[in-house]
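Pasting protein33.tsv here (TSV, C-alpha atoms):
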```
chain	number	residue	atom	x	y	z
A	1	MET	CA	8.71	-28.60	-22.21
A	2	ASN	CA	9.91	-24.97	-22.27
A	3	PRO	CA	10.44	-22.96	-19.05
A	4	TYR	CA	7.22	-21.00	-19.49
A	5	GLN	CA	5.12	-24.18	-19.65
A	6	LYS	CA	6.86	-25.51	-16.53
A	7	LYS	CA	6.18	-22.25	-14.69
A	8	ARG	CA	2.56	-22.32	-15.80
A	9	ARG	CA	2.14	-25.89	-14.55
A	10	TRP	CA	3.61	-24.96	-11.18
A	11	LYS	CA	1.15	-22.06	-10.93
A	12	ILE	CA	-1.75	-24.39	-11.73
A	13	PHE	CA	-0.49	-26.93	-9.18
A	14	LEU	CA	-0.20	-24.28	-6.44
A	15	LEU	CA	-3.67	-22.95	-7.27
A	16	VAL	CA	-5.21	-26.44	-7.13
A	17	PHE	CA	-3.36	-27.14	-3.88
A	18	ALA	CA	-4.71	-23.92	-2.35
A	19	ILE	CA	-8.24	-24.78	-3.51
A	20	VAL	CA	-7.99	-28.25	-1.96
A	21	ILE	CA	-6.76	-26.82	1.35
A	22	GLY	CA	-9.44	-24.15	1.34
A	23	GLY	CA	-12.17	-26.62	0.37
A	24	ALA	CA	-11.13	-29.09	3.08
A	25	SER	CA	-11.07	-26.29	5.65
A	26	VAL	CA	-14.52	-25.06	4.65
A	27	PHE	CA	-15.92	-28.61	4.66
A	28	TYR	CA	-14.55	-29.42	8.11
A	29	SER	CA	-15.63	-26.07	9.57
A	30	ASP	CA	-19.11	-26.49	8.11
A	31	PHE	CA	-19.33	-29.98	9.60
A	32	PHE	CA	-18.24	-28.63	12.99
A	33	VAL	CA	-20.69	-25.70	12.82
A	34	LYS	CA	-23.62	-27.98	12.02
A	35	LYS	CA	-22.69	-30.23	14.91
A	36	MET	CA	-22.66	-27.24	17.28
A	37	GLU	CA	-26.01	-26.11	15.87
A	38	ARG	CA	-27.54	-29.48	16.73
A	39	GLU	CA	-26.05	-29.37	20.21
A	40	GLU	CA	-27.37	-25.85	20.85
A	41	ALA	CA	-30.81	-26.82	19.52
A	42	ALA	CA	-30.87	-29.81	21.89
A	43	GLN	CA	-29.71	-27.59	24.77
A	44	PHE	CA	-32.46	-25.11	23.90
A	45	GLN	CA	-35.15	-27.80	24.08
A	46	LEU	CA	-33.75	-29.05	27.37
A	47	ARG	CA	-33.83	-25.57	28.90
A	48	ILE	CA	-37.44	-25.11	27.84
A	49	LYS	CA	-38.41	-28.31	29.66
A	50	VAL	CA	-36.49	-27.22	32.77
A	51	LEU	CA	-38.20	-23.80	32.72
A	52	GLU	CA	-41.61	-25.38	32.38
A	53	GLN	CA	-41.01	-27.67	35.36
A	54	GLN	CA	-39.64	-24.87	37.52
A	55	MET	CA	-42.58	-22.60	36.71
A	56	ARG	CA	-45.05	-25.30	37.73
A	57	MET	CA	-43.28	-26.06	41.00
A	58	MET	CA	-42.52	-22.58	42.37
A	59	GLU	CA	-44.88	-20.12	44.05
A	60	ASN	CA	-45.20	-16.68	42.51
A	61	GLN	CA	-43.33	-14.89	45.31
A	62	GLN	CA	-40.36	-17.17	44.82
A	63	LEU	CA	-40.35	-16.81	41.04
A	64	THR	CA	-38.16	-13.68	40.83
A	65	GLU	CA	-35.33	-15.31	42.77
A	66	VAL	CA	-35.49	-18.41	40.56
A	67	PHE	CA	-35.33	-16.30	37.40
A	68	GLU	CA	-32.25	-14.47	38.69
A	69	THR	CA	-30.52	-17.78	39.41
A	70	ILE	CA	-31.40	-19.15	35.96
A	71	LYS	CA	-30.19	-15.99	34.23
A	72	LYS	CA	-26.77	-16.22	35.90
A	73	ASN	CA	-26.28	-19.82	34.73
A	74	ASN	CA	-27.82	-19.45	31.29
A	75	LYS	CA	-25.35	-18.44	28.56
A	76	MET	CA	-27.82	-18.82	25.69
A	77	ASP	CA	-29.58	-15.66	24.51
A	78	MET	CA	-33.33	-16.27	24.77
A	79	ILE	CA	-36.51	-14.18	24.67
A	80	ILE	CA	-39.88	-15.50	25.88
A	81	THR	CA	-42.98	-13.67	24.65
A	82	LYS	CA	-46.69	-13.99	25.12
A	83	PRO	CA	-48.86	-14.85	22.09
A	84	ASP	CA	-49.60	-11.14	21.59
A	85	GLY	CA	-45.85	-10.47	21.18
A	86	SER	CA	-45.25	-8.74	24.51
A	87	ILE	CA	-42.05	-9.62	26.35
A	88	TYR	CA	-42.49	-12.12	29.15
A	89	LEU	CA	-38.89	-13.03	30.08
A	90	TRP	CA	-35.39	-12.81	28.61
A	91	TYR	CA	-32.05	-14.46	29.25
A	92	GLY	CA	-28.44	-13.75	28.32
A	93	LEU	CA	-28.96	-10.43	26.51
A	94	ASP	CA	-26.71	-7.41	26.98
A	95	SER	CA	-27.65	-5.96	30.35
A	96	THR	CA	-26.35	-2.52	29.37
A	97	LYS	CA	-28.92	-2.32	26.59
A	98	THR	CA	-31.94	-3.77	28.41
A	99	PHE	CA	-34.12	-2.53	31.26
A	100	TYR	CA	-36.14	-5.00	33.29
A	101	ASN	CA	-38.39	-3.99	36.20
A	102	VAL	CA	-41.75	-4.80	37.75
A	103	ASP	CA	-44.00	-1.94	38.82
A	104	ASP	CA	-45.54	-3.00	42.18
A	105	LYS	CA	-48.69	-0.96	41.64
A	106	ASN	CA	-49.46	-1.76	38.01
A	107	GLN	CA	-47.61	-5.10	37.83
A	108	LYS	CA	-46.22	-4.18	34.42
A	109	GLN	CA	-42.87	-5.22	32.95
A	110	GLN	CA	-40.82	-2.38	31.50
A	111	TYR	CA	-38.02	-2.81	28.95
A	112	ASP	CA	-36.16	-1.23	26.04
A	113	SER	CA	-38.55	-2.06	23.25
A	114	LEU	CA	-36.28	-1.10	20.29
A	115	TYR	CA	-33.47	-3.34	21.48
A	116	PHE	CA	-35.82	-6.27	21.95
A	117	VAL	CA	-37.39	-5.72	18.53
A	118	HIS	CA	-33.94	-5.91	16.95
A	119	GLN	CA	-33.01	-9.05	18.91
A	120	LEU	CA	-36.32	-10.73	18.11
A	121	ARG	CA	-35.87	-10.04	14.42
A	122	LYS	CA	-32.42	-11.62	14.52
A	123	MET	CA	-33.67	-14.69	16.44
A	124	LYS	CA	-36.60	-15.23	14.08
A	125	ALA	CA	-34.24	-15.13	11.12
A	126	GLN	CA	-31.97	-17.79	12.65
A	127	HIS	CA	-34.30	-20.37	14.19
A	128	LYS	CA	-37.93	-21.40	14.44
A	129	PRO	CA	-39.50	-20.58	17.86
A	130	ALA	CA	-40.61	-23.19	20.40
A	131	ILE	CA	-43.81	-23.33	22.46
A	132	MET	CA	-43.84	-23.74	26.24
A	133	ARG	CA	-46.32	-23.44	29.11
A	134	GLY	CA	-46.02	-20.82	31.82
A	135	ILE	CA	-46.97	-20.72	35.51
A	136	TYR	CA	-50.68	-20.69	34.92
A	137	ASP	CA	-50.40	-23.03	31.95
A	138	GLU	CA	-50.55	-20.05	29.57
A	139	LYS	CA	-49.00	-20.40	26.15
A	140	LEU	CA	-45.56	-18.80	25.73
A	141	ILE	CA	-43.29	-18.49	22.66
A	142	VAL	CA	-39.55	-18.95	23.09
A	143	TYR	CA	-36.90	-17.58	20.71
A	144	TYR	CA	-33.13	-18.01	20.77
A	145	LYS	CA	-30.09	-17.10	18.69
A	146	ASP	CA	-26.73	-18.67	18.00
A	147	SER	CA	-24.06	-18.34	20.63
A	148	PHE	CA	-21.15	-15.95	20.10
A	149	ILE	CA	-18.74	-18.87	19.54
A	150	LEU	CA	-20.99	-20.43	16.90
A	151	THR	CA	-21.32	-17.07	15.14
A	152	GLN	CA	-17.55	-16.74	15.05
A	153	LEU	CA	-17.18	-20.27	13.70
A	154	ARG	CA	-19.54	-19.46	10.83
A	155	PHE	CA	-17.15	-16.76	9.62
A	156	PHE	CA	-13.97	-18.68	10.42
A	157	PRO	CA	-13.73	-20.55	7.06
A	158	TYR	CA	-13.99	-17.28	5.13
A	159	ILE	CA	-11.37	-15.64	7.35
A	160	GLN	CA	-9.15	-18.66	6.87
A	161	LEU	CA	-9.62	-18.57	3.09
A	162	GLY	CA	-8.82	-14.86	3.13
A	163	VAL	CA	-5.62	-15.48	5.10
A	164	ILE	CA	-4.60	-18.31	2.75
A	165	GLY	CA	-5.35	-16.14	-0.27
A	166	LEU	CA	-3.41	-13.20	1.17
A	167	PHE	CA	-0.47	-15.49	1.94
A	168	LEU	CA	-0.48	-16.90	-1.59
A	169	ILE	CA	-0.68	-13.44	-3.15
A	170	THR	CA	2.13	-12.15	-0.92
A	171	ALA	CA	4.28	-15.19	-1.65
A	172	TYR	CA	3.62	-14.92	-5.39
A	173	VAL	CA	4.48	-11.23	-5.48
A	174	ALA	CA	7.62	-11.76	-3.40
A	175	PHE	CA	8.86	-14.70	-5.49
A	176	SER	CA	7.99	-12.92	-8.74
A	177	SER	CA	9.87	-9.79	-7.65
A	178	ALA	CA	12.88	-11.82	-6.57
A	179	ARG	CA	12.82	-13.84	-9.79
A	180	ARG	CA	12.45	-10.70	-11.90
A	181	ALA	CA	15.35	-9.03	-10.11
A	182	GLU	CA	17.46	-12.14	-10.62
A	183	GLN	CA	16.51	-12.30	-14.29
A	184	ASP	CA	17.42	-8.64	-14.70
A	185	GLN	CA	20.84	-9.28	-13.23
A	186	VAL	CA	21.34	-12.23	-15.59
A	187	TRP	CA	20.23	-10.12	-18.58
A	188	VAL	CA	22.61	-7.32	-17.68
A	189	GLY	CA	25.54	-9.64	-17.01
A	190	MET	CA	25.13	-11.61	-20.23
A	191	ALA	CA	24.62	-8.46	-22.30
A	192	LYS	CA	27.72	-6.68	-21.01
A	193	GLU	CA	29.84	-9.83	-21.33
A	194	THR	CA	28.64	-10.27	-24.93
A	195	ALA	CA	29.54	-6.66	-25.73
A	196	HIS	CA	32.98	-7.20	-24.23
A	197	GLN	CA	33.58	-10.42	-26.20
A	198	LEU	CA	32.48	-8.86	-29.50
A	199	GLY	CA	34.86	-5.93	-29.16
A	200	THR	CA	38.08	-7.75	-30.14
A	201	PRO	CA	36.88	-9.56	-33.32
A	202	ILE	CA	35.12	-6.40	-34.55
A	203	SER	CA	38.36	-4.43	-34.22
A	204	SER	CA	40.19	-7.19	-36.13
A	205	LEU	CA	37.59	-7.24	-38.91
A	206	MET	CA	37.87	-3.47	-39.31
A	207	ALA	CA	41.64	-3.77	-39.65
A	208	TRP	CA	41.36	-6.62	-42.16
A	209	THR	CA	38.95	-4.70	-44.38
A	210	GLU	CA	41.24	-1.69	-44.40
A	211	LEU	CA	44.15	-3.98	-45.31
A	212	MET	CA	42.15	-5.57	-48.15
A	213	LYS	CA	41.20	-2.18	-49.57
A	214	SER	CA	44.80	-0.94	-49.58
A	215	LYS	CA	46.38	-4.18	-50.82
A	216	PHE	CA	43.91	-4.93	-53.61
A	217	ASP	CA	42.95	-1.34	-54.41
A	218	ALA	CA	39.32	-2.14	-53.56
A	219	GLU	CA	38.09	1.21	-52.25
A	220	ASP	CA	34.98	1.07	-54.45
A	221	ASP	CA	34.42	-2.69	-54.38
A	222	PRO	CA	30.72	-3.38	-53.52
A	223	LEU	CA	31.62	-6.56	-51.61
A	224	ILE	CA	33.96	-4.62	-49.35
A	225	ALA	CA	31.21	-2.05	-48.86
A	226	GLU	CA	28.77	-4.74	-47.75
A	227	MET	CA	31.37	-6.18	-45.40
A	228	GLU	CA	31.80	-2.72	-43.87
A	229	ASN	CA	28.03	-2.44	-43.49
A	230	ASP	CA	27.99	-5.72	-41.60
A	231	ILE	CA	30.89	-4.64	-39.41
A	232	HIS	CA	29.06	-1.39	-38.68
A	233	ARG	CA	26.04	-3.51	-37.83
A	234	LEU	CA	28.12	-5.54	-35.37
A	235	GLU	CA	29.26	-2.30	-33.77
A	236	ILE	CA	25.63	-1.27	-33.32
A	237	ILE	CA	24.80	-4.67	-31.79
A	238	THR	CA	27.74	-4.33	-29.41
A	239	ASP	CA	26.53	-0.88	-28.47
A	240	ARG	CA	23.05	-2.34	-27.81
A	241	PHE	CA	24.36	-4.94	-25.42
A	242	SER	CA	26.53	-2.42	-23.62
A	243	LYS	CA	23.45	-0.22	-22.99
A	244	ILE	CA	21.45	-3.01	-21.31
A	245	GLY	CA	21.15	-2.27	-17.60
A	246	SER	CA	21.85	1.46	-17.94
A	247	LYS	CA	19.49	4.27	-18.81
A	248	PRO	CA	19.79	4.99	-22.55
A	249	ILE	CA	19.93	8.49	-24.00
A	250	LEU	CA	16.75	9.19	-25.96
A	251	GLU	CA	16.91	11.64	-28.84
A	252	ASP	CA	14.27	13.18	-31.06
A	253	HIS	CA	13.95	11.33	-34.40
A	254	VAL	CA	11.54	11.00	-37.30
A	255	VAL	CA	10.09	7.52	-36.76
A	256	PHE	CA	9.55	6.84	-40.47
A	257	ILE	CA	13.21	7.49	-41.32
A	258	VAL	CA	14.51	5.33	-38.45
A	259	VAL	CA	12.30	2.42	-39.47
A	260	LYS	CA	13.08	2.79	-43.19
A	261	ASN	CA	16.85	2.86	-42.59
A	262	PHE	CA	16.71	-0.43	-40.74
A	263	VAL	CA	14.32	-2.09	-43.22
A	264	ASP	CA	16.65	-1.14	-46.08
A	265	TYR	CA	19.47	-2.94	-44.28
A	266	PHE	CA	17.35	-5.92	-43.23
A	267	LYS	CA	15.52	-6.74	-46.47
A	268	VAL	CA	18.69	-7.41	-48.51
A	269	ARG	CA	19.54	-10.09	-45.95
A	270	THR	CA	16.13	-11.75	-46.13
A	271	SER	CA	14.53	-14.04	-48.70
A	272	ASP	CA	13.46	-12.41	-51.97
A	273	LYS	CA	10.04	-14.01	-51.51
A	274	VAL	CA	9.26	-11.59	-48.66
A	275	THR	CA	8.05	-8.14	-49.71
A	276	PHE	CA	8.50	-5.16	-47.37
A	277	ILE	CA	6.11	-2.19	-47.37
A	278	ILE	CA	6.54	0.96	-45.26
A	279	GLN	CA	3.63	3.37	-45.21
A	280	GLY	CA	1.93	5.99	-43.09
A	281	ASP	CA	2.97	9.30	-41.58
A	282	ASN	CA	6.52	10.24	-42.58
A	283	GLN	CA	6.76	13.32	-40.35
A	284	VAL	CA	5.79	12.16	-36.85
A	285	ARG	CA	8.60	12.23	-34.31
A	286	ALA	CA	9.39	10.39	-31.07
A	287	MET	CA	12.17	10.17	-28.49
A	288	LEU	CA	14.24	7.10	-29.42
A	289	SER	CA	17.47	5.31	-28.73
A	290	ILE	CA	18.22	4.17	-32.28
A	291	PRO	CA	20.47	1.19	-31.39
A	292	LEU	CA	17.82	-0.20	-29.02
A	293	PHE	CA	14.82	0.70	-31.17
A	294	ASP	CA	16.43	-0.97	-34.19
A	295	TRP	CA	16.64	-4.08	-32.03
A	296	VAL	CA	12.87	-3.90	-31.50
A	297	ILE	CA	12.18	-3.61	-35.22
A	298	GLU	CA	14.69	-6.36	-35.97
A	299	ASN	CA	13.03	-8.84	-33.60
A	300	LEU	CA	9.57	-8.09	-34.99
A	301	LEU	CA	10.74	-8.40	-38.60
A	302	LYS	CA	12.58	-11.66	-37.89
A	303	ASN	CA	9.48	-13.15	-36.28
A	304	ALA	CA	7.35	-11.94	-39.16
A	305	ALA	CA	9.76	-13.41	-41.75
A	306	ASN	CA	9.90	-16.74	-39.89
A	307	ALA	CA	6.09	-16.87	-39.78
A	308	ILE	CA	5.94	-16.62	-43.61
A	309	GLU	CA	6.52	-20.10	-44.99
A	310	ASN	CA	6.60	-19.33	-48.71
A	311	GLU	CA	5.84	-15.94	-50.23
A	312	GLY	CA	4.40	-13.13	-48.18
A	313	THR	CA	4.36	-9.47	-47.24
A	314	ILE	CA	5.53	-7.56	-44.17
A	315	THR	CA	3.88	-4.16	-43.80
A	316	ILE	CA	4.94	-1.44	-41.38
A	317	ASN	CA	2.32	1.25	-40.92
A	318	ILE	CA	3.18	4.41	-38.93
A	319	ILE	CA	0.18	6.30	-37.55
A	320	GLU	CA	-0.01	9.48	-35.51
A	321	HIS	CA	-2.76	9.69	-32.89
A	322	LEU	CA	-3.23	13.43	-32.55
A	323	THR	CA	-5.64	13.36	-29.59
A	324	LYS	CA	-3.40	11.23	-27.37
A	325	GLU	CA	-0.16	12.61	-28.87
A	326	GLU	CA	1.05	9.09	-29.51
A	327	VAL	CA	2.71	7.22	-32.37
A	328	PHE	CA	1.36	3.83	-33.45
A	329	ILE	CA	3.72	1.49	-35.31
A	330	ASP	CA	1.91	-1.57	-36.69
A	331	VAL	CA	4.07	-4.44	-37.97
A	332	SER	CA	1.89	-6.86	-39.96
A	333	ASP	CA	2.72	-10.08	-41.77
A	334	THR	CA	0.87	-12.63	-43.88
A	335	GLY	CA	2.26	-15.59	-41.95
A	336	LYS	CA	0.74	-18.46	-40.02
A	337	GLY	CA	-0.76	-16.32	-37.22
A	338	ILE	CA	-0.98	-16.70	-33.45
A	339	ALA	CA	-3.77	-18.27	-31.40
A	340	ARG	CA	-5.67	-15.70	-29.33
A	341	SER	CA	-4.81	-17.57	-26.13
A	342	LYS	CA	-1.10	-16.96	-26.85
A	343	PHE	CA	-1.30	-13.16	-27.28
A	344	ASP	CA	0.31	-12.53	-23.87
A	345	THR	CA	2.33	-15.75	-23.78
A	346	VAL	CA	4.53	-14.81	-26.75
A	347	PHE	CA	6.24	-12.12	-24.64
A	348	GLN	CA	7.20	-14.58	-21.89
A	349	PRO	CA	10.91	-15.51	-21.67
A	350	GLY	CA	11.50	-19.00	-23.04
A	351	TYR	CA	8.38	-19.14	-25.20
A	352	THR	CA	9.11	-20.21	-28.77
A	353	THR	CA	7.43	-22.23	-31.52
A	354	ARG	CA	10.70	-22.99	-33.27
A	355	LYS	CA	12.79	-26.10	-32.70
A	356	ARG	CA	15.85	-23.92	-32.29
A	357	GLY	CA	15.84	-20.71	-30.34
A	358	TRP	CA	15.80	-19.41	-26.80
A	359	GLY	CA	12.48	-17.60	-27.01
A	360	LEU	CA	14.01	-14.32	-25.82
A	361	GLY	CA	13.42	-12.01	-28.81
A	362	LEU	CA	9.94	-10.73	-27.99
A	363	SER	CA	10.72	-10.69	-24.27
A	364	LEU	CA	13.66	-8.36	-24.95
A	365	THR	CA	11.50	-6.33	-27.31
A	366	LYS	CA	8.90	-5.78	-24.60
A	367	ARG	CA	11.56	-4.74	-22.11
A	368	ILE	CA	13.12	-2.24	-24.52
A	369	VAL	CA	9.78	-0.68	-25.46
A	370	GLU	CA	8.31	-0.51	-21.96
A	371	ASN	CA	11.33	-0.01	-19.70
A	372	TYR	CA	13.54	2.17	-21.90
A	373	HIS	CA	11.04	4.02	-24.14
A	374	SER	CA	8.07	4.16	-21.72
A	375	GLY	CA	5.85	2.72	-24.44
A	376	GLN	CA	3.64	-0.30	-25.02
A	377	ILE	CA	3.75	-3.34	-27.29
A	378	PHE	CA	1.11	-6.00	-27.78
A	379	VAL	CA	-0.49	-8.29	-30.33
A	380	LYS	CA	-3.09	-6.04	-31.94
A	381	ASP	CA	-4.67	-8.74	-34.08
A	382	SER	CA	-3.95	-12.21	-35.39
A	383	GLU	CA	-5.75	-14.94	-37.26
A	384	LEU	CA	-4.42	-18.46	-37.79
A	385	GLY	CA	-3.36	-18.97	-41.37
A	386	LYS	CA	-3.74	-15.28	-42.31
A	387	GLY	CA	-1.21	-13.28	-40.33
A	388	THR	CA	-0.40	-11.19	-37.28
A	389	THR	CA	-0.14	-7.51	-36.38
A	390	PHE	CA	2.03	-6.25	-33.53
A	391	ARG	CA	1.44	-2.69	-32.34
A	392	ILE	CA	4.05	-0.43	-30.72
A	393	ILE	CA	2.82	2.72	-28.98
A	394	LEU	CA	5.29	5.54	-28.29
A	395	LYS	CA	4.83	9.03	-26.93
A	396	SER	CA	5.06	11.59	-29.72
A	397	SER	CA	7.67	14.32	-29.28
A	398	ILE	CA	5.35	16.71	-31.14
A	399	THR	CA	2.67	18.23	-28.95
A	400	TYR	CA	-0.31	20.23	-30.11
A	401	GLU	CA	-1.65	23.34	-28.46
A	402	PRO	CA	-5.41	23.65	-29.04
A	403	THR	CA	-6.53	26.91	-30.65
A	404	THR	CA	-9.84	28.28	-31.80
A	405	ASN	CA	-9.10	27.42	-35.42
A	406	THR	CA	-6.49	24.73	-35.91
A	407	GLY	CA	-4.00	22.84	-33.81
A	408	VAL	CA	-0.52	24.31	-34.11
A	409	PRO	CA	2.20	21.71	-33.55
A	410	ARG	CA	5.23	22.48	-31.49
A	411	MET	CA	8.25	20.40	-30.56
A	412	GLY	CA	7.90	18.70	-27.17
```
Target encoding structure tokens, full file:
Amino acid sequence: MNPYQKKRRWKIFLLVFAIVIGGASVFYSDFFVKKMEREEAAQFQLRIKVLEQQMRMMENQQLTEVFETIKKNNKMDMIITKPDGSIYLWYGLDSTKTFYNVDDKNQKQQYDSLYFVHQLRKMKAQHKPAIMRGIYDEKLIVYYKDSFILTQLRFFPYIQLGVIGLFLITAYVAFSSARRAEQDQVWVGMAKETAHQLGTPISSLMAWTELMKSKFDAEDDPLIAEMENDIHRLEIITDRFSKIGSKPILEDHVVFIVVKNFVDYFKVRTSDKVTFIIQGDNQVRAMLSIPLFDWVIENLLKNAANAIENEGTITINIIEHLTKEEVFIDVSDTGKGIARSKFDTVFQPGYTTRKRGWGLGLSLTKRIVENYHSGQIFVKDSELGKGTTFRIILKSSITYEPTTNTGVPRMG
């Protein structure tokens, strides 16, 4: 199992674990809420019976004092109305938003009607009303709403899930940032150490080739020339590794020429069964670090060549997007293709389909394109058994000033 698959399994495990915790919390909270609902409903029925008995036993002149006593001890919000909807009594509501009085002359109850309308609407939405009998055995309708604690408990599972989710997101971001920083340090350390180790043998090889040319009079020998090309290539590779971790110097280059120069070097060191085609715009320019950008093209071409089992074609198409002032570089092959579900996975460190290999090529490629050239790279298209196309997007160094007739290019 490669490191990416292990990391993915850990992510799935943590996600399932969080879902189990959240589900158990919601289930227990829901069970507790329903239990409190039943208890409040039973308490509501009990209070109705108590009110009915008290109303039958007390004289009218004593009724006001009894109501005041009940209101002080009653923590449940209740509204009692007559059949016509007029307010008869209320308990537990916000005293700062209600007005309750009895006019001695007209014997009318006065109250804040808008507040009671709002409270009644809320109570009707929560529970069915109950029927009780008043002092003169008249029919009364009783409404009530959930207590403040029960209302809070209803939202508690969602708050808890939100806190758990926030914690997981924070932990994931923190661990990912720490891991990425650690990986960056490892990349930089390994790259600079590799550059340092390559320095001595490259210097020796250069000396040996010079000795061979002078001793055997081989100034024009094609084999010596190819050896020098390879030594020069090693120097470029050393320069690449030495640049990792530091900001590279980007210079203005014709993209077509840069790509063609590397392909000319690469194709003579690849199987004759693979055909290379370079096409598209041969004038578009971009800001590049050639040693690093060659590394990008090299990794893409190597992957393309490895994907071709027998004979095949690798096509590099360079396109200028005038509107966005961007350069598109499409590297296509006729190899075995990539499953759509793996389009993002192929850029993960450690991902490889080969028995041998570290799975670092495309990960490095993505870093070079995005971090050093401020560009983008992605799998544009792929079909199993038919081939794959990778697209690189770079900012063009040629900008266009719109005019009334034609766009006049100028160097950016």
Distance criterion (only C-alpha atoms): nearest to Asp333 of chain A out of A:Phe378, A:Phe276, A:Asn282, A:Trp90: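 When distances to Asp333 of chain A are compared using only C-alpha atoms, the smallest one comes from A:Phe276.
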Which of A:Phe256, A:Phe241, A:Lys213, A:Lys49 sits closest to Gln283 of chain A [using only C-alpha atoms]: A:Phe256
Residue with the minimum atom-to-atom distance to Ser242 of chain A, picked from A:Gln54, A:Asn310, A:Thr194, A:Ser396 with all atoms listed in the file counted, is A:Thr194
Near Phe32 of chain A, within 12 Å and counting all atoms listed in the file, which residues show up once chain neighbours fewer than 4 positions away are dropped, as a count of residues only? 14
Please identify all polymer residues within 9 Å of segment 292-308 of chain A, counting all atoms listed in the file, omitting same-chain residues fewer than 6 positions from it, and present them as a ChimeraX atom specification. /A:236-237,239-241,243-244,248,258-259,262-263,266,270-271,274,314,331-337,361-362,364-366,368-369,372-373,387-388,390
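When atom CA of Leu15 of chain A is paired with atom CA of Thr151 of chain A, their separation reads 29.1 Å.
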Separation of atom CA of Phe44 of chain A from atom CA of Gly134 of chain A in Å: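 Atom CA of Phe44 of chain A lies 16.3 Å from atom CA of Gly134 of chain A.
Nearest-residue note for Gly162 of chain A: choosing from A:Ala18, A:Ser382, A:Ser363, A:Ile398, the minimum distance belongs to A:Ala18, counting only C-alpha atoms.
Using only C-alpha atoms, the shortest contact distance between Asp272 of chain A and any of A:Thr313, A:Gly85, A:Leu51, A:Ser177 is found at A:Thr313.
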Length of the atom CA of Asp281 of chain A to atom CA of Ile257 of chain A vector [Å]: 10.4 Å
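Residue nearest Thr238 of chain A within the list A:Ala41, A:Ile87, A:Met78, A:Leu198: A:Leu198 [criterion: smallest interatomic distance, all atoms listed in the file].
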Residues near Asp230 of chain A, cut-off 12 Å, all atoms listed in the file, skip fewer than 3 positions along chain, as number ranges by chain: A: 202, 205-206, 209, 223-227, 233-237, 265-266, 268-269
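Near Gln45 of chain A, within 12 Å and counting only C-alpha atoms, sit A:Arg38, A:Glu39, A:Leu51, A:Glu52, A:Met76, A:Met78, A:Lys128, A:Pro129, A:Ala130, A:Ile131, A:Met132, A:Val142, A:Tyr143, A:Tyr144; same-chain residues fewer than 6 positions away were not included.
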Generate the output file for the selected residues, C-alpha atoms, as an mmCIF file, in the frame of the given file.
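The result, written out as selection12.cif:
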```cif
data_model
loop_
_atom_site.group_PDB
_atom_site.id
_atom_site.type_symbol
_atom_site.label_atom_id
_atom_site.label_comp_id
_atom_site.auth_asym_id
_atom_site.auth_seq_id
_atom_site.Cartn_x
_atom_site.Cartn_y
_atom_site.Cartn_z
ATOM 1 C CA ARG A 38 -27.540 -29.480 16.730
ATOM 2 C CA GLU A 39 -26.050 -29.370 20.210
ATOM 3 C CA LEU A 51 -38.200 -23.800 32.720
ATOM 4 C CA GLU A 52 -41.610 -25.380 32.380
ATOM 5 C CA MET A 76 -27.820 -18.820 25.690
ATOM 6 C CA MET A 78 -33.330 -16.270 24.770
ATOM 7 C CA LYS A 128 -37.930 -21.400 14.440
ATOM 8 C CA PRO A 129 -39.500 -20.580 17.860
ATOM 9 C CA ALA A 130 -40.610 -23.190 20.400
ATOM 10 C CA ILE A 131 -43.810 -23.330 22.460
ATOM 11 C CA MET A 132 -43.840 -23.740 26.240
ATOM 12 C CA VAL A 142 -39.550 -18.950 23.090
ATOM 13 C CA TYR A 143 -36.900 -17.580 20.710
ATOM 14 C CA TYR A 144 -33.130 -18.010 20.770
#
```
Within 8 Å of Phe343 of chain A, counting only C-alpha atoms, which residues show up once you throw out same-chain ones fewer than 3 positions away? Write them as a PyMOL selection string, please. chain A and resi 338-340+346+378-379
